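Student: Dropping in my_file_25.txt, which is compact mmCIF, C-alpha atoms:
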```txt
# COMPACT_ATOMS: atom_id res chain seq x y z
CA MET A 1 13.60 3.02 21.77
CA ASP A 2 12.67 6.48 20.56
CA TRP A 3 9.21 7.07 19.16
CA TRP A 4 9.28 7.10 15.35
CA VAL A 5 7.29 10.34 15.18
CA ALA A 6 9.80 12.16 17.40
CA VAL A 7 12.75 10.71 15.49
CA TRP A 8 11.47 11.74 12.07
CA TYR A 9 10.18 15.09 13.27
CA GLU A 10 13.73 15.88 14.32
CA ARG A 11 15.35 14.43 11.18
CA ASN A 12 12.92 15.65 8.54
CA ALA A 13 9.46 16.93 9.45
CA VAL A 14 8.36 17.06 5.80
CA PHE A 15 9.03 13.35 5.39
CA LEU A 16 7.16 12.62 8.63
CA PHE A 17 4.03 14.46 7.49
CA SER A 18 4.36 12.95 4.01
CA TRP A 19 4.54 9.48 5.55
CA ILE A 20 1.42 10.05 7.66
CA LEU A 21 -0.57 11.46 4.74
CA TRP A 22 0.51 8.77 2.28
CA VAL A 23 0.00 5.82 4.64
CA ILE A 24 -3.50 6.89 5.67
CA GLY A 25 -4.50 8.12 2.22
CA SER A 26 -3.14 5.07 0.41
CA ILE A 27 -4.93 2.69 2.78
CA CYS A 28 -8.23 4.48 2.19
CA LEU A 29 -7.82 4.38 -1.60
CA HIS A 30 -6.60 0.76 -1.45
CA GLU A 31 -9.76 -0.26 0.41
CA LEU A 32 -11.93 1.75 -1.96
CA GLY A 33 -10.33 -0.21 -4.80
CA HIS A 34 -11.55 -3.43 -3.18
CA GLY A 35 -15.00 -1.95 -2.67
CA TRP A 36 -15.28 -0.58 -6.21
CA MET A 37 -14.36 -3.93 -7.74
CA ALA A 38 -16.70 -5.82 -5.40
CA ILE A 39 -19.60 -3.63 -6.53
CA ARG A 40 -18.68 -4.25 -10.17
CA CYS A 41 -18.67 -7.98 -9.42
CA GLY A 42 -22.23 -7.86 -8.05
CA ASP A 43 -21.67 -7.29 -4.31
CA ASN A 44 -23.22 -4.10 -2.94
CA THR A 45 -21.99 -4.75 0.62
CA PRO A 46 -19.35 -1.96 0.61
CA ARG A 47 -21.94 0.65 -0.36
CA ALA A 48 -24.67 -0.76 1.89
CA LEU A 49 -22.39 -0.62 4.95
CA GLY A 50 -21.20 2.91 4.18
CA HIS A 51 -17.62 2.03 3.27
CA MET A 52 -17.49 3.83 -0.09
CA THR A 53 -16.09 6.94 1.54
CA LEU A 54 -12.74 8.67 1.94
CA ASN A 55 -13.20 8.85 5.72
CA PRO A 56 -10.16 7.05 7.23
CA MET A 57 -12.09 6.31 10.42
CA VAL A 58 -14.30 4.03 8.33
CA HIS A 59 -11.46 2.13 6.67
CA ILE A 60 -8.93 1.89 9.51
CA PRO A 61 -10.48 0.03 12.47
CA TRP A 62 -10.65 1.82 15.80
CA PRO A 63 -8.87 1.48 18.16
CA TRP A 64 -6.25 -1.21 17.47
CA ALA A 65 -5.32 -0.30 13.91
CA TRP A 66 -4.88 3.34 14.94
CA ILE A 67 -2.86 2.35 18.01
CA MET A 68 -0.62 0.26 15.79
CA PHE A 69 -0.16 3.22 13.45
CA GLY A 70 0.71 5.48 16.35
CA VAL A 71 3.24 3.01 17.76
CA PHE A 72 4.85 1.61 14.61
CA GLY A 73 3.95 3.99 11.76
CA PHE A 74 2.05 1.43 9.72
CA THR A 75 -1.32 -0.27 10.00
CA TRP A 76 -4.11 -1.95 8.06
CA GLY A 77 -7.55 -1.26 6.63
CA LEU A 78 -10.72 -3.26 6.06
CA MET A 79 -13.36 -3.40 3.34
CA PRO A 80 -16.40 -5.61 4.02
CA VAL A 81 -17.39 -7.77 1.06
CA SER A 82 -19.64 -10.80 0.58
CA PRO A 83 -17.94 -13.23 -1.83
CA ASP A 84 -21.11 -15.32 -2.09
CA ARG A 85 -22.61 -12.43 -4.08
CA PHE A 86 -19.85 -12.37 -6.70
CA ARG A 87 -20.98 -13.36 -10.18
CA GLY A 88 -17.77 -14.55 -11.84
CA ARG A 89 -15.52 -17.52 -11.19
CA TYR A 90 -12.45 -15.40 -10.39
CA ASP A 91 -14.18 -12.38 -8.91
CA ASP A 92 -12.62 -12.98 -5.49
CA ALA A 93 -9.17 -12.66 -7.09
CA LYS A 94 -10.25 -9.53 -8.95
CA VAL A 95 -11.51 -7.89 -5.76
CA ALA A 96 -8.34 -8.84 -3.89
CA ALA A 97 -6.09 -7.56 -6.69
CA ALA A 98 -7.94 -4.24 -6.98
CA GLY A 99 -6.39 -2.88 -3.77
CA PRO A 100 -2.74 -3.38 -4.81
CA ALA A 101 -3.70 -2.15 -8.28
CA VAL A 102 -4.69 1.18 -6.73
CA ASN A 103 -1.31 1.33 -4.98
CA LEU A 104 0.39 0.65 -8.31
CA ILE A 105 -1.53 3.49 -9.97
CA LEU A 106 -0.61 5.86 -7.14
CA ALA A 107 3.06 4.85 -7.37
CA VAL A 108 3.08 5.43 -11.14
CA LEU A 109 1.44 8.84 -10.71
CA CYS A 110 4.04 9.80 -8.12
CA VAL A 111 6.84 8.66 -10.44
CA ALA A 112 5.34 10.81 -13.20
CA GLY A 113 5.00 13.70 -10.77
CA SER A 114 8.62 13.30 -9.65
CA VAL A 115 9.85 13.40 -13.25
CA ALA A 116 7.67 16.42 -14.03
CA TRP A 117 9.11 18.12 -10.97
CA LEU A 118 12.61 17.70 -12.42
CA PHE A 119 11.47 20.12 -15.13
CA VAL A 120 9.47 22.50 -12.95
CA GLY A 121 11.28 22.29 -9.62
CA PRO A 122 14.46 24.20 -10.55
CA ASN A 123 12.33 27.34 -10.94
CA ALA A 124 10.88 27.01 -7.42
CA PRO A 125 12.47 28.24 -4.17
CA ASP A 126 14.92 25.74 -2.66
CA ASN A 127 12.68 24.73 0.25
CA VAL A 128 9.66 24.20 -2.02
CA ARG A 129 11.71 22.17 -4.50
CA GLN A 130 13.04 19.93 -1.74
CA ASN A 131 9.72 19.49 0.06
CA VAL A 132 7.76 18.54 -3.08
CA ALA A 133 10.50 16.07 -4.05
CA ILE A 134 10.31 14.46 -0.60
CA PHE A 135 6.50 14.23 -0.73
CA LEU A 136 6.50 12.58 -4.17
CA TRP A 137 9.34 10.21 -3.28
CA ALA A 138 7.43 9.12 -0.16
CA GLY A 139 4.38 8.47 -2.35
CA VAL A 140 6.37 6.24 -4.70
CA MET A 141 8.01 4.35 -1.85
CA ILE A 142 4.93 3.78 0.31
CA ASN A 143 2.73 2.67 -2.58
CA THR A 144 5.46 0.41 -3.96
CA MET A 145 5.53 -1.21 -0.55
CA GLY A 146 1.73 -1.47 -0.72
CA VAL A 147 1.99 -3.45 -3.94
CA LEU A 148 4.86 -5.75 -2.96
CA PHE A 149 3.66 -6.47 0.57
CA ASN A 150 0.00 -7.05 -0.20
CA LEU A 151 0.72 -9.45 -3.07
CA ILE A 152 2.58 -11.86 -0.79
CA PRO A 153 0.37 -15.00 -0.62
CA VAL A 154 0.17 -15.09 3.17
CA PRO A 155 -3.18 -14.71 4.98
CA PRO A 156 -4.74 -12.21 5.48
CA LEU A 157 -2.86 -10.35 2.73
CA ASP A 158 -4.51 -9.90 -0.67
CA GLY A 159 -2.05 -12.25 -2.33
CA SER A 160 -3.44 -15.18 -0.35
CA ARG A 161 -6.95 -14.60 -1.73
CA ILE A 162 -5.62 -14.25 -5.26
CA LEU A 163 -3.64 -17.49 -5.03
CA ALA A 164 -6.51 -19.32 -3.30
CA ASP A 165 -8.88 -18.37 -6.13
CA PHE A 166 -6.56 -20.00 -8.67
CA SER A 167 -5.23 -22.88 -6.55
CA PRO A 168 -7.83 -25.24 -5.00
CA PRO A 169 -5.20 -27.02 -2.82
CA TYR A 170 -4.10 -23.71 -1.34
CA ARG A 171 -7.73 -22.70 -0.81
CA ARG A 172 -8.40 -25.97 1.00
CA LEU A 173 -5.38 -25.34 3.23
CA LEU A 174 -6.59 -21.84 4.15
CA TYR A 175 -10.04 -23.08 5.13
CA SER A 176 -8.90 -26.27 6.86
CA GLU A 177 -8.52 -26.75 10.61
CA GLN A 178 -4.81 -26.02 10.19
CA GLY A 179 -5.47 -22.83 8.23
CA SER A 180 -5.36 -20.44 11.18
CA MET A 181 -2.12 -21.97 12.49
CA PHE A 182 -0.58 -21.77 9.03
CA ALA A 183 -1.58 -18.12 8.73
CA LEU A 184 -0.14 -17.25 12.14
CA PHE A 185 3.15 -19.05 11.49
CA ALA A 186 3.47 -17.56 8.00
CA MET A 187 2.89 -14.00 9.28
CA LEU A 188 5.40 -14.46 12.11
CA LEU A 189 7.94 -15.78 9.61
CA LEU A 190 7.20 -12.94 7.22
CA PHE A 191 7.77 -10.22 9.81
CA SER A 192 10.74 -11.86 11.53
CA VAL A 193 12.65 -12.97 8.44
CA GLY A 194 11.14 -11.34 5.37
CA SER A 195 10.47 -7.75 6.46
CA GLY A 196 14.01 -6.59 5.72
CA LYS A 197 13.95 -8.17 2.28
CA ILE A 198 10.61 -6.49 1.52
CA TRP A 199 12.05 -3.10 2.45
CA ASP A 200 15.14 -3.81 0.32
CA ALA A 201 12.91 -4.69 -2.63
CA THR A 202 10.79 -1.59 -2.04
CA PHE A 203 13.77 0.77 -2.11
CA PHE A 204 15.25 -1.01 -5.13
CA VAL A 205 12.02 -0.73 -7.16
CA THR A 206 11.51 2.88 -6.05
CA ASP A 207 15.02 3.96 -7.04
CA TRP A 208 14.94 1.93 -10.27
CA SER A 209 11.59 3.40 -11.31
CA LEU A 210 12.59 7.00 -10.67
CA THR A 211 16.02 6.60 -12.28
CA ASN A 212 14.68 5.06 -15.47
CA ALA A 213 11.62 7.29 -15.73
CA ALA A 214 13.89 10.34 -15.51
CA ARG A 215 16.24 8.84 -18.10
CA LEU A 216 13.38 8.35 -20.55
CA THR A 217 12.71 12.09 -20.47
CA GLY A 218 16.36 13.07 -20.74
CA GLN A 219 16.63 14.01 -17.08
CA VAL A 220 18.82 12.69 -14.29
CA TRP A 221 17.34 11.62 -10.99
CA LEU A 222 19.86 12.59 -8.32
CA GLY A 223 18.78 10.04 -5.72
CA ARG A 224 16.71 10.13 -2.57
CA PRO A 225 15.81 13.72 -1.73
CA PHE A 226 17.03 13.67 1.89
```
Could you render the structure as structure tokens?
Tutor:
Amino acid sequence: MDWWVAVWYERNAVFLFSWILWVIGSICLHELGHGWMAIRCGDNTPRALGHMTLNPMVHIPWPWAWIMFGVFGFTWGLMPVSPDRFRGRYDDAKVAAAGPAVNLILAVLCVAGSVAWLFVGPNAPDNVRQNVAIFLWAGVMINTMGVLFNLIPVPPLDGSRILADFSPPYRRLLYSEQGSMFALFAMLLLFSVGSGKIWDATFFVTDWSLTNAARLTGQVWLGRPF
């Protein structure tokens, strides 16, 4: 199997660098969303432990998360919080939802940027027009994936904490003796069976968003830029 970096460098180097920047940047901002909401809910742990920073080495654990990124092109981040310090009944759900909410905001901004580029781009040189379109499309796609994937209610994804905060039976399952086995089985099932469907949903939402946003402004989105 060829290394994904080598494959995409040969196919489209701009997309490769866009992917790297968006994955790392989106993870950092996603984790900062968790931290910001935790602080608002009364927990100063993210600030006390130095995690309210844009430094990716703080948010993406060394070495395994970075090794995973190097091997597969995707990885995870961490934001330390102390739920026992939250003040509100559903603060755990708020903190969990704040990360995907940041991804949603980034995706919307990239959609808006892509539509704006339909107006501005034709005046730019061909290579600039293409490269900016690729960068913005990658931003929409990666952050759409960040929303859809993280809201799945499977531990340790954010969706599991949101559901557990609203469903006592599910919360009891997560913290029971069988909780770790359930989480392992659910993640294996998700990656072996559901990963393709998640990618399909990601591309569908990305294309649908860009097509309809362009239509609202009287423009025509011509499809994926490469």
Student: Expressed in Å to a single decimal, how great is the separation between CA of Ala112 (chain A) and CA of Arg215 (chain A)?
Tutor: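 Going from CA of Ala112 (chain A) over to CA of Arg215 (chain A), I get 12.1 Å.
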Student: What's the 12 Å shell around region 39-45 of chain A, counting all atoms listed in the file, without same-chain residues fewer than 6 positions away, as a ChimeraX atom specification?
Tutor: /A:32-33,51-52,79-96,98
Student: Give me the residues of region 159-188 of chain A that have any atom at most 8 Å from an atom of region 150-154 of chain A; for each, the nearest atom pair and the distance in Å, rounded to one decimal. Use all atoms listed in the file, sort by chain and number, and format it as a Markdown table.
Tutor:
```
| residue | atom | partner | partner_atom | distance |
| --- | --- | --- | --- | --- |
| A:Gly159 | CA | A:Leu151 | CA | 4.0 |
| A:Ser160 | CA | A:Pro153 | CA | 3.8 |
| A:Arg161 | CA | A:Pro153 | CA | 7.4 |
| A:Ile162 | CA | A:Pro153 | CA | 7.6 |
| A:Leu163 | CA | A:Pro153 | CA | 6.5 |
| A:Ala183 | CA | A:Val154 | CA | 6.6 |
| A:Ala186 | CA | A:Val154 | CA | 6.3 |
| A:Met187 | CA | A:Val154 | CA | 6.8 |
```
Student: Can I get the selected residues back with C-alpha atoms, as an mmCIF file, in the frame of the given file?
Tutor:
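Saved file part27.cif follows:
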```cif
data_model
loop_
_atom_site.group_PDB
_atom_site.id
_atom_site.type_symbol
_atom_site.label_atom_id
_atom_site.label_comp_id
_atom_site.auth_asym_id
_atom_site.auth_seq_id
_atom_site.Cartn_x
_atom_site.Cartn_y
_atom_site.Cartn_z
ATOM 1 C CA GLY A 159 -2.050 -12.250 -2.330
ATOM 2 C CA SER A 160 -3.440 -15.180 -0.350
ATOM 3 C CA ARG A 161 -6.950 -14.600 -1.730
ATOM 4 C CA ILE A 162 -5.620 -14.250 -5.260
ATOM 5 C CA LEU A 163 -3.640 -17.490 -5.030
ATOM 6 C CA ALA A 183 -1.580 -18.120 8.730
ATOM 7 C CA ALA A 186 3.470 -17.560 8.000
ATOM 8 C CA MET A 187 2.890 -14.000 9.280
#
```
Student: Between A:Ser18, A:Thr53, A:Ser26, A:Asn131, which has the minimum distance to Val5 (chain A) (counting only C-alpha atoms)?
Tutor: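 For Val5 (chain A), the nearest of the candidates is A:Ser18.
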Student: Could you tell me which of A:Ala38, A:Ile60, A:Val205, A:Ala6 comes closest to Gly77 (chain A) if we count all atoms listed in the file?
Tutor: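 That would be A:Ile60, the residue with the smallest distance to Gly77 (chain A).
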Student: Quick one: pull the distance between CA of Gly121 (chain A) and CA of Leu29 (chain A), Å, one decimal.
Tutor: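 Taking CA of Gly121 (chain A) as the start and CA of Leu29 (chain A) as the end point, the length is 27.4 Å.
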Student: Extract, using only C-alpha atoms, all DNA, RNA and protein residues at most 12 Å from Met57 (chain A), discarding same-chain residues fewer than 4 positions from it, and format them as a ChimeraX atom specification.
Tutor: /A:24-25,27-28,50-51,53,61-66,76-78
Student: For Glu31 (chain A), which residue out of A:Pro122, A:Gly146, A:Gly70, A:Gly179 is the nearest one, using only C-alpha atoms?
Tutor: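 Going through A:Pro122, A:Gly146, A:Gly70, A:Gly179 one by one, the smallest distance to Glu31 (chain A) is for A:Gly146.
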Student: Mind checking which residues fall within 10 Å of Leu148 (chain A), counting all atoms listed in the file, ignoring those fewer than 6 positions away in the same chain, and posting them as a list of chain:residue names?
Tutor: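 That gives A:Pro100, A:Asn103, A:Leu104, A:Gly159, A:Ile198, A:Trp199, A:Ala201, A:Thr202, A:Val205.
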Student: Ile142 (chain A): which residues within 7 Å, counting only C-alpha atoms, same-chain residues fewer than 3 positions away excluded, as a ChimeraX atom specification?
Tutor: /A:22-23,138-139,145-146
Student: Write out, as an mmCIF file, keeping the file's coordinate frame, the residues just selected, with C-alpha atoms.
Tutor:
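So out_29.cif came out as:
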```cif
data_model
loop_
_atom_site.group_PDB
_atom_site.id
_atom_site.type_symbol
_atom_site.label_atom_id
_atom_site.label_comp_id
_atom_site.auth_asym_id
_atom_site.auth_seq_id
_atom_site.Cartn_x
_atom_site.Cartn_y
_atom_site.Cartn_z
ATOM 1 C CA TRP A 22 0.510 8.770 2.280
ATOM 2 C CA VAL A 23 0.000 5.820 4.640
ATOM 3 C CA ALA A 138 7.430 9.120 -0.160
ATOM 4 C CA GLY A 139 4.380 8.470 -2.350
ATOM 5 C CA MET A 145 5.530 -1.210 -0.550
ATOM 6 C CA GLY A 146 1.730 -1.470 -0.720
#
```
Student: Could you state the separation of CA of Lys197 (chain A) and CA of Pro155 (chain A) in Å, given to one decimal place?
Tutor: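 Result for CA of Lys197 (chain A) versus CA of Pro155 (chain A): 18.5 Å, one decimal.
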Student: Which is closer to Trp208 (chain A) than all the others in A:Leu157, A:Ala133, A:Val128, A:Leu222, using only C-alpha atoms?
Tutor: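 For Trp208 (chain A), the nearest of the given residues is A:Leu222.
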Student: With all atoms listed in the file as the atoms that count, which of A:Met68, A:Val147, A:Leu54, A:Leu118 lies nearest to Gln130 (chain A)?
Tutor: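 Of the candidates, the smallest distance to Gln130 (chain A) is held by A:Leu118.
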Student: Point out the residue among A:Ile67, A:Leu21, A:Val108, A:Ala48 with the least atom-to-atom distance to Ala213 (chain A), counting only C-alpha atoms.
Tutor: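 Distance minimum relative to Ala213 (chain A) lands on A:Val108.
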Student: Quick one: 4 Å padding each side, axis-aligned, all listed atoms of region 95-102 of chain A - centre and edge lengths in Å to one decimal, as lines of an AutoDock Vina configuration file?
Tutor:
```
center_x = -7.1
center_y = -3.8
center_z = -6.0
size_x = 16.8
size_y = 18.0
size_z = 12.5
```
